[in-house]
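Asks: What follows is upload06.pdb, PDB, C-alpha atoms.
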```
ATOM      1  CA  MET A   1     -15.320 -22.595 -12.517
ATOM      2  CA  SER A   2     -18.822 -21.438 -13.404
ATOM      3  CA  GLU A   3     -20.082 -22.732 -10.045
ATOM      4  CA  ILE A   4     -18.264 -19.843  -8.316
ATOM      5  CA  THR A   5     -20.774 -17.019  -8.473
ATOM      6  CA  ASP A   6     -20.026 -14.696  -5.547
ATOM      7  CA  PHE A   7     -17.707 -13.893  -2.644
ATOM      8  CA  ALA A   8     -19.402 -16.487  -0.440
ATOM      9  CA  ASP A   9     -18.217 -19.153  -2.887
ATOM     10  CA  THR A  10     -14.741 -17.609  -2.917
ATOM     11  CA  ALA A  11     -14.708 -17.542   0.904
ATOM     12  CA  ALA A  12     -15.648 -21.226   1.009
ATOM     13  CA  ILE A  13     -12.698 -22.068  -1.231
ATOM     14  CA  ILE A  14     -10.310 -19.944   0.849
ATOM     15  CA  GLU A  15     -11.489 -21.690   4.030
ATOM     16  CA  ASN A  16     -10.095 -24.944   2.608
ATOM     17  CA  LEU A  17      -6.616 -23.563   1.886
ATOM     18  CA  ASP A  18      -3.576 -23.950   4.113
ATOM     19  CA  LEU A  19      -2.092 -20.771   2.665
ATOM     20  CA  MET A  20      -3.048 -18.236   0.031
ATOM     21  CA  ILE A  21      -0.370 -16.400  -1.945
ATOM     22  CA  ALA A  22      -1.675 -13.425  -3.902
ATOM     23  CA  VAL A  23      -0.999  -9.929  -5.083
ATOM     24  CA  ASP A  24      -2.960  -7.080  -3.476
ATOM     25  CA  THR A  25      -6.456  -8.052  -4.644
ATOM     26  CA  SER A  26      -9.872  -8.502  -3.108
ATOM     27  CA  THR A  27      -9.201 -12.214  -2.592
ATOM     28  CA  ALA A  28      -6.117 -11.410  -0.509
ATOM     29  CA  HIS A  29      -8.232  -9.091   1.629
ATOM     30  CA  LEU A  30     -10.938 -11.739   1.926
ATOM     31  CA  ALA A  31      -8.387 -14.312   3.118
ATOM     32  CA  GLY A  32      -7.096 -11.811   5.672
ATOM     33  CA  ALA A  33     -10.617 -11.012   6.858
ATOM     34  CA  LEU A  34     -11.218 -14.756   7.272
ATOM     35  CA  ASN A  35      -7.967 -14.934   9.281
ATOM     36  CA  LYS A  36      -6.524 -17.477   6.873
ATOM     37  CA  PRO A  37      -2.770 -17.389   6.270
ATOM     38  CA  VAL A  38      -2.190 -15.075   3.306
ATOM     39  CA  TRP A  39       1.076 -13.905   1.789
ATOM     40  CA  ILE A  40       0.741 -10.757  -0.229
ATOM     41  CA  LEU A  41       3.226  -9.951  -2.983
ATOM     42  CA  SER A  42       3.326  -6.164  -2.956
ATOM     43  CA  ARG A  43       4.657  -3.515  -5.325
ATOM     44  CA  TYR A  44       7.373  -1.084  -4.267
ATOM     45  CA  ASP A  45       4.856   1.760  -4.462
ATOM     46  CA  GLN A  46       2.311  -0.228  -2.474
ATOM     47  CA  CYS A  47      -1.017   0.963  -1.186
ATOM     48  CA  TRP A  48      -0.996   3.075   1.972
ATOM     49  CA  ARG A  49      -2.811   0.369   3.963
ATOM     50  CA  TRP A  50       0.316  -1.819   4.064
ATOM     51  CA  LEU A  51       2.240   0.919   5.896
ATOM     52  CA  ILE A  52       6.027   1.213   5.575
ATOM     53  CA  GLY A  53       8.897  -0.818   6.966
ATOM     54  CA  ARG A  54       7.031  -3.905   8.081
ATOM     55  CA  ASP A  55       6.089  -7.303   6.712
ATOM     56  CA  ASP A  56       2.930  -7.775   8.741
ATOM     57  CA  SER A  57      -0.433  -6.029   8.786
ATOM     58  CA  PRO A  58      -2.342  -4.497  11.674
ATOM     59  CA  TRP A  59      -5.545  -5.161   9.717
ATOM     60  CA  TYR A  60      -4.954  -8.857   9.085
ATOM     61  CA  PRO A  61      -2.896 -10.719  11.726
ATOM     62  CA  SER A  62      -2.634 -13.739   9.408
ATOM     63  CA  ALA A  63      -1.061 -11.708   6.573
ATOM     64  CA  ARG A  64       2.601 -11.538   5.628
ATOM     65  CA  LEU A  65       3.900  -9.023   3.098
ATOM     66  CA  PHE A  66       6.620  -9.632   0.542
ATOM     67  CA  ARG A  67       7.513  -6.244  -0.929
ATOM     68  CA  GLN A  68       9.487  -5.232  -3.965
ATOM     69  CA  GLU A  69      12.734  -3.524  -2.973
ATOM     70  CA  GLN A  70      12.594  -1.361  -6.097
ATOM     71  CA  THR A  71      10.007  -0.635  -8.754
ATOM     72  CA  GLY A  72       9.508  -3.474 -11.225
ATOM     73  CA  GLU A  73      11.799  -5.926  -9.414
ATOM     74  CA  TRP A  74       9.784  -9.077  -8.742
ATOM     75  CA  ASP A  75      12.661 -11.592  -8.674
ATOM     76  CA  GLY A  76      13.552 -10.847  -5.056
ATOM     77  CA  VAL A  77       9.910 -10.978  -3.994
ATOM     78  CA  ILE A  78       9.440 -14.389  -5.602
ATOM     79  CA  GLU A  79      12.718 -15.712  -4.159
ATOM     80  CA  ARG A  80      11.798 -14.628  -0.617
ATOM     81  CA  ALA A  81       8.293 -16.053  -0.929
ATOM     82  CA  ALA A  82       9.663 -19.334  -2.363
ATOM     83  CA  ASP A  83      12.128 -19.672   0.528
ATOM     84  CA  ALA A  84       9.365 -18.974   3.042
ATOM     85  CA  LEU A  85       7.101 -21.487   1.287
ATOM     86  CA  LYS A  86       9.738 -24.195   1.639
ATOM     87  CA  GLY A  87       9.777 -23.544   5.381
ATOM     88  CA  PHE A  88       5.994 -23.457   5.540
ATOM     89  CA  ALA A  89       5.744 -26.788   3.726
ATOM     90  CA  LEU A  90       8.096 -28.383   6.262
ATOM     91  CA  ASN A  91       6.407 -26.823   9.282
ATOM     92  CA  PRO A  92       2.928 -25.436   8.588
ATOM     93  CA  SER A  93       1.313 -23.430  11.340
ATOM     94  CA  PRO A  94      -0.952 -25.322  13.780
ATOM     95  CA  HIS A  95      -3.891 -23.440  12.243
ATOM     96  CA  ALA A  96      -3.023 -24.910   8.853
ATOM     97  CA  GLN A  97      -2.508 -28.501  10.016
ATOM     98  CA  ALA A  98      -6.214 -29.193  10.524
ATOM     99  CA  THR A  99      -6.863 -29.921   6.854
ATOM    100  CA  ARG A 100      -4.569 -30.596   3.929
ATOM    101  CA  PRO A 101      -6.282 -29.764   0.623
ATOM    102  CA  ALA A 102      -5.807 -31.755  -2.545
ATOM    103  CA  PHE A 103      -3.703 -30.137  -5.209
ATOM    104  CA  CYS A 104      -5.676 -29.013  -8.227
ATOM    105  CA  SER A 105      -4.547 -29.293 -11.786
ATOM    106  CA  PRO A 106      -4.796 -26.223 -14.037
ATOM    107  CA  GLY A 107      -8.112 -27.606 -15.265
ATOM    108  CA  GLY A 108      -9.472 -27.472 -11.723
ATOM    109  CA  SER A 109      -9.758 -31.199 -10.959
ATOM    110  CA  ALA A 110      -8.238 -32.578  -7.760
ATOM    111  CA  GLU A 111      -5.275 -34.895  -8.106
TER     112      GLU A 111
END
```
Starting from the file, lay out its structure as structure tokens.
Replies:
Amino acid sequence: MSEITDFADTAAIIENLDLMIAVDTSTAHLAGALNKPVWILSRYDQCWRWLIGRDDSPWYPSARLFRQEQTGEWDGVIERAADALKGFALNPSPHAQATRPAFCSPGGSAE
């Protein structure tokens, strides 16, 4: 992926996604800033910006949070995200229906 040199390249890739699933990283924030659907897998002791007791974000209306219920417990987070992904795959948001990206293999080539 040497052709990706800056955040503009990353933003262009994100623009072609139906949904981004990430941990709390700069790419998750970039997807939110672009108003692309982004699901953020968050630690129990999450950053202050995600607030408490909610699964949405006032900063990024397109974001959905999946939080650990206790420190170090990722199984529940992954299960909830997987269940939500099944629903998303069956009924993607109207925003996401405009383009359906190709799936990429681990080597980066489209299949």
Asks: Can you measure atom CA of Glu73 of chain A to atom CA of Phe88 of chain A for me? One decimal in Å is fine.
Replies: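 Computing it gives 23.8 Å between the two atoms.
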Asks: Write out as a PyMOL selection string the residues lying within 7 Å of Ile21 of chain A, counting all atoms listed in the file and excluding same-chain residues fewer than 6 positions away.
Replies: chain A and resi 38-40
Asks: Atom CA of Ala33 of chain A to atom CA of Thr5 of chain A: how many Å, to one decimal?
Replies: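 Here the two named atoms are 19.3 Å from each other.
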Asks: Gly53 of chain A: which residues within 12 Å, counting all atoms listed in the file, same-chain residues fewer than 2 positions away excluded, as a PyMOL selection string?
Replies: chain A and resi 44+46+48+50-51+55-57+65-69
Asks: Translate the PyMOL selection byres ((chain A and resi 22) around 10) into a concrete residue list for this structure, as a list in words.
Replies: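 Applying the expression gives Leu19, Met20, Ile21, Val23, Asp24, Thr25, Ser26, Thr27, Ala28, His29, Ala31, Val38, Trp39, Ile40, Leu41, Ser42 and Leu65 of chain A.
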Asks: Evaluate the PyMOL selection byres ((chain A and resi 36) around 9) on the structure here and hand back the selected residues as an mmCIF file with C-alpha atoms, keeping the file's coordinate frame.
Replies:
```cif
data_model
loop_
_atom_site.group_PDB
_atom_site.id
_atom_site.type_symbol
_atom_site.label_atom_id
_atom_site.label_comp_id
_atom_site.auth_asym_id
_atom_site.auth_seq_id
_atom_site.Cartn_x
_atom_site.Cartn_y
_atom_site.Cartn_z
ATOM 1 C CA ILE A 14 -10.310 -19.944 0.849
ATOM 2 C CA GLU A 15 -11.489 -21.690 4.030
ATOM 3 C CA LEU A 17 -6.616 -23.563 1.886
ATOM 4 C CA ASP A 18 -3.576 -23.950 4.113
ATOM 5 C CA LEU A 19 -2.092 -20.771 2.665
ATOM 6 C CA MET A 20 -3.048 -18.236 0.031
ATOM 7 C CA LEU A 30 -10.938 -11.739 1.926
ATOM 8 C CA ALA A 31 -8.387 -14.312 3.118
ATOM 9 C CA GLY A 32 -7.096 -11.811 5.672
ATOM 10 C CA ALA A 33 -10.617 -11.012 6.858
ATOM 11 C CA LEU A 34 -11.218 -14.756 7.272
ATOM 12 C CA ASN A 35 -7.967 -14.934 9.281
ATOM 13 C CA PRO A 37 -2.770 -17.389 6.270
ATOM 14 C CA VAL A 38 -2.190 -15.075 3.306
ATOM 15 C CA SER A 62 -2.634 -13.739 9.408
ATOM 16 C CA ALA A 63 -1.061 -11.708 6.573
ATOM 17 C CA HIS A 95 -3.891 -23.440 12.243
ATOM 18 C CA ALA A 96 -3.023 -24.910 8.853
#
```
Asks: Just how far from atom CA of Arg64 of chain A is atom CA of Ala84 of chain A, in Å to one decimal?
Replies: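 These two atoms are separated by 10.4 Å.
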